[in-house]
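Coordinates from my_file-v6.txt are shown below (compact mmCIF, C-alpha atoms).
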# COMPACT_ATOMS: atom_id res chain seq x y z
CA MET A 1 104.70 95.99 66.72
CA ARG A 2 102.51 94.71 69.50
CA PHE A 3 102.57 95.34 73.24
CA ASP A 4 100.44 93.14 75.47
CA VAL A 5 99.90 94.79 78.86
CA LEU A 6 99.08 92.77 81.98
CA THR A 7 97.32 95.16 84.35
CA LEU A 8 94.66 95.16 87.05
CA PHE A 9 93.58 98.60 85.78
CA PRO A 10 93.16 98.41 81.99
CA GLU A 11 90.88 101.46 82.09
CA LEU A 12 93.93 103.65 82.71
CA PHE A 13 95.16 103.05 79.16
CA ALA A 14 92.05 104.00 77.15
CA PRO A 15 92.38 107.81 77.39
CA PHE A 16 96.12 107.62 76.83
CA CYS A 17 95.77 105.65 73.59
CA ALA A 18 93.11 108.06 72.30
CA SER A 19 94.86 111.35 73.10
CA GLY A 20 97.70 113.44 71.74
CA VAL A 21 99.83 113.03 68.67
CA THR A 22 100.87 109.48 69.55
CA ARG A 23 97.27 108.28 69.10
CA ARG A 24 98.16 108.03 65.41
CA ALA A 25 100.47 105.15 66.23
CA TYR A 26 97.74 103.26 68.07
CA GLU A 27 94.95 104.03 65.60
CA SER A 28 97.09 102.85 62.68
CA LYS A 29 98.24 99.77 64.63
CA GLN A 30 101.86 100.75 64.11
CA VAL A 31 101.92 100.20 67.85
CA GLU A 32 99.18 97.77 68.83
CA VAL A 33 98.26 97.70 72.52
CA VAL A 34 96.34 94.69 73.86
CA LEU A 35 95.20 94.78 77.49
CA TRP A 36 94.95 91.74 79.77
CA ASN A 37 93.59 91.67 83.32
CA PRO A 38 95.12 88.96 85.57
CA ARG A 39 91.89 88.98 87.57
CA ASP A 40 90.19 87.29 84.62
CA PHE A 41 92.53 84.34 85.15
CA ALA A 42 92.14 84.06 88.93
CA GLY A 43 90.15 81.30 90.58
CA GLY A 44 87.39 81.43 93.16
CA ASN A 45 84.31 83.58 93.48
CA TYR A 46 86.35 86.66 94.37
CA ARG A 47 88.91 86.34 91.55
CA ARG A 48 91.66 86.95 94.06
CA VAL A 49 95.02 88.04 92.67
CA ASP A 50 96.89 88.91 95.89
CA ASP A 51 97.58 87.52 99.34
CA ARG A 52 99.52 88.30 102.51
CA PRO A 53 103.32 87.96 102.35
CA PHE A 54 104.99 84.96 103.96
CA GLY A 55 107.09 86.12 106.89
CA GLY A 56 104.66 88.88 107.70
CA GLY A 57 104.92 92.56 106.96
CA PRO A 58 102.73 95.28 105.50
CA GLY A 59 100.87 95.17 102.23
CA MET A 60 99.83 92.38 99.90
CA VAL A 61 101.72 90.44 97.23
CA MET A 62 100.45 89.61 93.75
CA MET A 63 100.09 85.84 93.34
CA ALA A 64 102.14 83.96 90.75
CA GLU A 65 99.42 81.75 89.25
CA PRO A 66 96.95 84.37 87.96
CA LEU A 67 99.83 86.33 86.44
CA SER A 68 101.32 83.23 84.85
CA ALA A 69 97.99 82.13 83.38
CA CYS A 70 97.38 85.65 82.07
CA LEU A 71 100.85 85.71 80.52
CA ASP A 72 100.25 82.32 78.87
CA ALA A 73 97.09 83.67 77.25
CA ALA A 74 98.86 86.81 76.01
CA LEU A 75 101.73 84.84 74.52
CA ALA A 76 99.33 82.38 72.89
CA ALA A 77 97.42 85.26 71.32
CA ARG A 78 100.68 86.71 69.99
CA GLY A 79 101.53 83.35 68.44
CA ALA A 80 105.25 83.72 69.11
CA PRO A 81 107.65 84.20 72.03
CA ALA A 82 108.20 87.77 73.20
CA PRO A 83 110.20 89.64 75.83
CA VAL A 84 108.39 89.85 79.17
CA VAL A 85 109.05 93.19 80.85
CA LEU A 86 108.44 93.96 84.52
CA PHE A 87 108.64 97.55 85.75
CA SER A 88 110.67 97.38 88.94
CA PRO A 89 113.02 99.51 91.10
CA ILE A 90 115.80 96.98 90.51
CA GLY A 91 115.49 97.27 86.74
CA GLU A 92 117.81 99.08 84.37
CA THR A 93 116.94 102.77 84.13
CA LEU A 94 115.13 103.49 80.86
CA ARG A 95 117.26 105.63 78.54
CA HIS A 96 117.04 106.85 74.97
CA GLU A 97 119.20 104.03 73.57
CA ALA A 98 116.87 101.42 75.05
CA VAL A 99 113.78 103.24 73.74
CA GLU A 100 115.28 103.24 70.24
CA SER A 101 115.90 99.51 70.54
CA TRP A 102 112.34 98.77 71.65
CA SER A 103 110.95 101.05 68.90
CA ALA A 104 112.70 98.97 66.26
CA GLY A 105 111.52 95.62 67.65
CA GLU A 106 108.36 93.52 67.55
CA GLY A 107 107.06 94.66 70.93
CA ALA A 108 106.81 92.85 74.26
CA VAL A 109 104.55 91.79 77.09
CA LEU A 110 104.51 94.48 79.80
CA VAL A 111 103.75 93.34 83.34
CA CYS A 112 102.37 96.04 85.66
CA GLY A 113 102.84 95.14 89.29
CA ARG A 114 100.72 96.45 92.14
CA TYR A 115 100.56 96.31 95.92
CA GLU A 116 103.77 95.43 97.82
CA GLY A 117 105.15 93.51 94.86
CA ILE A 118 104.93 90.27 92.86
CA ASP A 119 105.70 86.75 94.01
CA GLN A 120 109.39 86.32 93.22
CA ARG A 121 108.79 82.87 91.74
CA PHE A 122 106.84 84.42 88.87
CA ILE A 123 109.63 86.93 88.27
CA ASP A 124 112.30 84.24 88.27
CA ALA A 125 110.34 81.92 85.97
CA ARG A 126 108.70 84.27 83.49
CA VAL A 127 110.25 87.76 83.39
CA THR A 128 113.05 88.41 80.86
CA HIS A 129 113.62 92.17 81.35
CA GLN A 130 113.20 94.60 84.24
CA ILE A 131 112.95 98.36 83.67
CA SER A 132 112.96 101.31 86.07
CA LEU A 133 112.00 104.93 85.39
CA GLY A 134 114.27 106.19 88.16
CA ASP A 135 114.96 106.18 91.87
CA PHE A 136 111.40 106.53 93.11
CA VAL A 137 108.43 104.23 93.66
CA LEU A 138 105.02 104.36 91.94
CA SER A 139 101.76 102.79 93.07
CA GLY A 140 101.92 100.41 90.12
CA GLY A 141 103.60 99.72 86.81
CA GLU A 142 100.92 101.32 84.65
CA ILE A 143 102.51 104.77 84.54
CA ALA A 144 105.85 103.23 83.64
CA ALA A 145 104.22 101.13 80.91
CA ILE A 146 102.51 104.22 79.49
CA ALA A 147 105.85 106.06 79.54
CA LEU A 148 107.52 103.29 77.52
CA LEU A 149 104.62 103.08 75.06
CA ASP A 150 104.64 106.84 74.52
CA ALA A 151 108.41 106.97 74.01
CA VAL A 152 108.24 104.11 71.51
CA ALA A 153 105.17 105.40 69.65
CA ARG A 154 106.59 108.87 68.97
CA LEU A 155 109.58 107.33 67.18
CA GLN A 156 107.40 105.51 64.64
CA PRO A 157 107.37 106.96 61.09
CA GLY A 158 104.58 109.45 60.46
CA VAL A 159 103.48 109.78 64.07
CA LEU A 160 104.96 113.21 64.74
CA GLY A 161 103.86 116.09 62.55
CA ASP A 162 107.45 116.80 61.55
CA GLU A 163 109.63 113.79 60.84
CA ALA A 164 112.67 115.68 62.16
CA SER A 165 111.06 116.52 65.52
CA HIS A 166 112.42 113.60 67.51
CA VAL A 167 115.90 114.10 66.06
CA GLN A 168 116.07 117.32 68.09
CA ASP A 169 115.11 115.58 71.32
CA SER A 170 117.31 115.59 74.38
CA PHE A 171 119.59 112.52 74.58
CA ASN A 172 119.32 111.82 70.83
CA PRO A 173 122.60 110.68 69.24
CA ALA A 174 121.93 113.23 66.47
CA LEU A 175 122.60 115.87 69.14
CA ASP A 176 125.54 113.87 70.51
CA GLY A 177 123.44 112.83 73.49
CA LEU A 178 123.15 116.38 74.86
CA LEU A 179 120.14 118.08 76.39
CA ASP A 180 118.04 120.20 74.05
CA CYS A 181 118.34 123.99 73.82
CA PRO A 182 115.68 126.56 74.86
CA HIS A 183 112.88 127.36 72.40
CA TYR A 184 110.95 130.60 71.74
CA THR A 185 107.88 131.63 69.76
CA ARG A 186 105.64 134.70 69.28
CA PRO A 187 105.37 137.36 70.57
CA GLU A 188 108.89 138.73 70.24
CA GLN A 189 108.44 140.57 73.56
CA TRP A 190 106.73 138.97 76.54
CA ARG A 191 106.62 140.71 79.91
CA GLY A 192 109.67 142.74 79.06
CA GLU A 193 111.71 139.75 77.91
CA GLY A 194 112.82 139.43 74.31
CA VAL A 195 114.01 136.60 72.12
CA PRO A 196 117.79 135.97 71.85
CA ALA A 197 119.21 138.04 69.01
CA ALA A 198 120.77 135.06 67.26
CA LEU A 199 117.36 133.48 66.70
CA MET A 200 116.09 136.69 65.09
CA SER A 201 119.12 137.12 62.82
CA GLY A 202 117.95 134.90 59.96
CA HIS A 203 121.55 133.66 59.76
CA HIS A 204 121.30 129.87 59.83
CA VAL A 205 124.92 129.22 60.77
CA GLN A 206 124.68 131.70 63.63
CA ILE A 207 121.39 130.18 64.79
CA GLU A 208 122.78 126.65 64.81
CA ARG A 209 125.90 127.78 66.69
CA TRP A 210 123.72 129.47 69.31
CA ARG A 211 121.63 126.33 69.72
CA ARG A 212 124.71 124.15 69.97
CA ASP A 213 126.25 126.46 72.57
CA GLN A 214 123.06 126.41 74.62
CA ARG A 215 122.90 122.62 74.50
CA LEU A 216 126.48 122.39 75.67
CA LEU A 217 126.14 124.89 78.51
CA ILE A 218 122.82 123.54 79.77
CA THR A 219 124.09 119.97 79.65
CA ARG A 220 127.26 120.99 81.49
CA ALA A 221 125.16 122.59 84.22
CA ARG A 222 122.47 119.92 84.52
CA ARG A 223 124.01 116.66 83.32
CA PRO A 224 127.81 116.90 83.24
CA ASP A 225 127.95 113.12 82.82
CA LEU A 226 126.53 113.57 79.30
CA ILE A 227 129.31 116.02 78.48
CA ASP A 228 131.88 113.50 79.68
CA ALA A 229 130.29 110.80 77.54
CA ALA A 230 130.24 113.01 74.43
CA ARG A 231 133.86 114.00 75.02
CA SER A 232 134.97 110.39 75.49
CA ALA A 233 133.23 109.46 72.23
CA GLY A 234 135.07 112.24 70.37
CA ARG A 235 131.87 114.16 69.63
CA LEU A 236 133.01 117.57 70.86
CA SER A 237 134.78 119.95 68.48
CA ALA A 238 137.34 122.61 69.36
CA ALA A 239 134.54 125.19 69.14
CA ASP A 240 132.48 123.09 71.55
CA GLU A 241 135.32 122.94 74.05
CA LYS A 242 135.76 126.71 73.79
CA THR A 243 132.08 127.16 74.57
CA LEU A 244 132.37 124.91 77.61
CA GLN A 245 134.91 127.30 79.08
CA LYS A 246 132.24 130.00 79.24
CA LYS A 247 129.92 130.71 82.16
CA LEU A 248 126.23 129.86 81.70
Can you present the structure in this file as structure tokens?
Amino acid sequence: MRFDVLTLFPELFAPFCASGVTRRAYESKQVEVVLWNPRDFAGGNYRRVDDRPFGGGPGMVMMAEPLSACLDAALAARGAPAPVVLFSPIGETLRHEAVESWSAGEGAVLVCGRYEGIDQRFIDARVTHQISLGDFVLSGGEIAAIALLDAVARLQPGVLGDEASHVQDSFNPALDGLLDCPHYTRPEQWRGEGVPAALMSGHHVQIERWRRDQRLLITRARRPDLIDAARSAGRLSAADEKTLQKKL
């Protein structure tokens, strides 16, 4: 799959694509990332990409024409139509289901806004999807784009060291959409705290029950909406419901 990224700061992506386990996805071109700078498509000696907002007010607004010309070039290079994604506070909050969908697709063009925003005419004419990371504002869309790329890359075959790793992730349908359980490693004692006995038992059924119970109780405490969703979908057993009656 291929992601074309429209950004005024392409240098932000180089260390990300070369670091960590997900670099395998970029090095192998399982996830190809192509960077485009709208400033390269701006006119005039100063390659201006922003201007003052009509109606007054603070900040600057990214101009429609450099973005549109940059997008045309990216789509032409792809050789086929593609979704055009803008990272925006009004977008749909990114969740696991959407990441799985993007990870199974052909990619997209990711538009990273800056300044006070983007000329609405470009959004209306060219953007097909809007995505938000949550109820907060970033200085630009680059961090959001990196978050989407990372989430998609780690789901590609062979990227993670253990193929089953992402199956144990929080929100994964394999865990009925629950949060993940706590994890422990050596040493067995650390600052007077030990490892839960169930994990040291060597009894696989007991270990899995402990992990399931922890997922249920943590999710109940932190994200009760996920418990409600799992219950409505018929994913909770009688043993699960018994666990949910306990105190965390």
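Shortest separation to Phe171 (chain A) among A:Gln206, A:Thr219, A:Ser132, A:Ser201 occurs at residue A:Thr219, atoms counted being all atoms listed in the file.
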Legend entry - Close residues, Gly117 (chain A) itself excluded, 10 Å, all atoms listed in the file, min 6 positions apart in chain, as a ChimeraX atom specification: /A:50,53,59-63,88,140
Legend entry - Contacts of Val137 (chain A) within 12 Å, all atoms listed in the file, excl. fewer than 4 positions in-chain, as a ChimeraX atom specification: /A:87-90,113-117,132-133,141,143-144
With a cut-off of 12 Å, could you pull out the residues of region 92-158 of chain A touching region 177-181 of chain A and give me the nearest pair of atoms for each, distance in Å to one decimal, using only C-alpha atoms, ordered by chain and ascending number, as CSV?
residue,atom,partner,partner_atom,distance
A:Arg95,CA,A:Gly177,CA,10.7
A:His96,CA,A:Gly177,CA,8.9
A:Glu97,CA,A:Gly177,CA,9.8
Inset, instruction - Find the residues near region 4-7 of chain A: any atom within 7 Å, counting all atoms listed in the file, skip ones fewer than 2 places away on the same chain, and give them as JSON, numbers by chain. - result: {"A": [2, 9, 10, 33, 34, 35, 36, 37, 38, 74, 108, 109, 110, 111, 112]}
List every residue of region 20-84 of chain A that has an atom at most 7 Å from any atom of region 149-153 of chain A, and for each one report the closest atom pair and its distance in Å to one decimal, counting all atoms listed in the file, with rows sorted by chain and then by increasing residue number, as CSV.
residue,atom,partner,partner_atom,distance
A:Thr22,CA,A:Ala153,CA,5.9
A:Ala25,CA,A:Ala153,CA,5.8
A:Val31,CA,A:Ala153,CA,6.4
Legend entry - Computed interatomic separation between CA of Ile146 (chain A) and CA of Asp225 (chain A) (Å): 27.2 Å
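Distances from A:Ala80, A:Glu100, A:Asp169, A:Leu71 to Ala125 (chain A) were compared using all atoms listed in the file, and the smallest one belongs to A:Leu71.
Using all atoms listed in the file for every distance, the candidate list A:Ala145, A:Ala221, A:Gly234, A:Ile131 yields A:Ala145 as the residue closest to Phe16 (chain A).
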Add whatever atoms are absent from region 169-183 of chain A to reach N, CA, C and O atoms, and provide the output as a PDB file, keeping the file's coordinate frame.
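For reference, result_13.pdb as written:
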ATOM      1  N   ASP A 169     115.383 115.875  69.926  1.00  0.00           N
ATOM      2  CA  ASP A 169     115.110 115.580  71.320  1.00  0.00           C
ATOM      3  C   ASP A 169     116.380 115.531  72.156  1.00  0.00           C
ATOM      4  O   ASP A 169     117.461 115.180  71.663  1.00  0.00           O
ATOM      5  N   SER A 170     116.221 115.832  73.438  1.00  0.00           N
ATOM      6  CA  SER A 170     117.310 115.590  74.380  1.00  0.00           C
ATOM      7  C   SER A 170     117.711 114.106  74.319  1.00  0.00           C
ATOM      8  O   SER A 170     116.867 113.241  74.066  1.00  0.00           O
ATOM      9  N   PHE A 171     118.995 113.856  74.517  1.00  0.00           N
ATOM     10  CA  PHE A 171     119.590 112.520  74.580  1.00  0.00           C
ATOM     11  C   PHE A 171     119.760 111.850  73.213  1.00  0.00           C
ATOM     12  O   PHE A 171     120.367 110.791  73.120  1.00  0.00           O
ATOM     13  N   ASN A 172     119.232 112.464  72.139  1.00  0.00           N
ATOM     14  CA  ASN A 172     119.320 111.820  70.830  1.00  0.00           C
ATOM     15  C   ASN A 172     120.764 111.823  70.340  1.00  0.00           C
ATOM     16  O   ASN A 172     121.457 112.838  70.449  1.00  0.00           O
ATOM     17  N   PRO A 173     121.240 110.705  69.781  1.00  0.00           N
ATOM     18  CA  PRO A 173     122.600 110.680  69.240  1.00  0.00           C
ATOM     19  C   PRO A 173     122.847 111.735  68.177  1.00  0.00           C
ATOM     20  O   PRO A 173     123.983 112.173  67.973  1.00  0.00           O
ATOM     21  N   ALA A 174     121.774 112.182  67.481  1.00  0.00           N
ATOM     22  CA  ALA A 174     121.930 113.230  66.470  1.00  0.00           C
ATOM     23  C   ALA A 174     122.399 114.538  67.100  1.00  0.00           C
ATOM     24  O   ALA A 174     122.988 115.379  66.424  1.00  0.00           O
ATOM     25  N   LEU A 175     122.122 114.709  68.396  1.00  0.00           N
ATOM     26  CA  LEU A 175     122.600 115.870  69.140  1.00  0.00           C
ATOM     27  C   LEU A 175     123.757 115.484  70.057  1.00  0.00           C
ATOM     28  O   LEU A 175     124.044 116.165  71.041  1.00  0.00           O
ATOM     29  N   ASP A 176     124.396 114.369  69.729  1.00  0.00           N
ATOM     30  CA  ASP A 176     125.540 113.870  70.510  1.00  0.00           C
ATOM     31  C   ASP A 176     125.153 113.560  71.942  1.00  0.00           C
ATOM     32  O   ASP A 176     125.984 113.612  72.854  1.00  0.00           O
ATOM     33  N   GLY A 177     123.888 113.221  72.163  1.00  0.00           N
ATOM     34  CA  GLY A 177     123.440 112.830  73.490  1.00  0.00           C
ATOM     35  C   GLY A 177     123.261 113.960  74.458  1.00  0.00           C
ATOM     36  O   GLY A 177     123.083 113.728  75.665  1.00  0.00           O
ATOM     37  N   LEU A 178     123.277 115.210  73.980  1.00  0.00           N
ATOM     38  CA  LEU A 178     123.150 116.380  74.860  1.00  0.00           C
ATOM     39  C   LEU A 178     121.688 116.692  75.154  1.00  0.00           C
ATOM     40  O   LEU A 178     120.777 116.169  74.506  1.00  0.00           O
ATOM     41  N   LEU A 179     121.478 117.563  76.141  1.00  0.00           N
ATOM     42  CA  LEU A 179     120.140 118.080  76.390  1.00  0.00           C
ATOM     43  C   LEU A 179     119.775 119.096  75.309  1.00  0.00           C
ATOM     44  O   LEU A 179     120.659 119.713  74.706  1.00  0.00           O
ATOM     45  N   ASP A 180     118.487 119.279  75.083  1.00  0.00           N
ATOM     46  CA  ASP A 180     118.040 120.200  74.050  1.00  0.00           C
ATOM     47  C   ASP A 180     118.221 121.651  74.505  1.00  0.00           C
ATOM     48  O   ASP A 180     118.365 121.939  75.700  1.00  0.00           O
ATOM     49  N   CYS A 181     118.183 122.558  73.538  1.00  0.00           N
ATOM     50  CA  CYS A 181     118.340 123.990  73.820  1.00  0.00           C
ATOM     51  C   CYS A 181     116.978 124.615  74.124  1.00  0.00           C
ATOM     52  O   CYS A 181     115.935 124.019  73.880  1.00  0.00           O
ATOM     53  N   PRO A 182     116.949 125.855  74.647  1.00  0.00           N
ATOM     54  CA  PRO A 182     115.680 126.560  74.860  1.00  0.00           C
ATOM     55  C   PRO A 182     114.993 126.872  73.526  1.00  0.00           C
ATOM     56  O   PRO A 182     115.650 126.989  72.489  1.00  0.00           O
ATOM     57  N   HIS A 183     113.676 127.028  73.586  1.00  0.00           N
ATOM     58  CA  HIS A 183     112.880 127.360  72.400  1.00  0.00           C
ATOM     59  C   HIS A 183     112.020 128.590  72.679  1.00  0.00           C
ATOM     60  O   HIS A 183     111.611 128.822  73.820  1.00  0.00           O
TER      61      HIS A 183
END
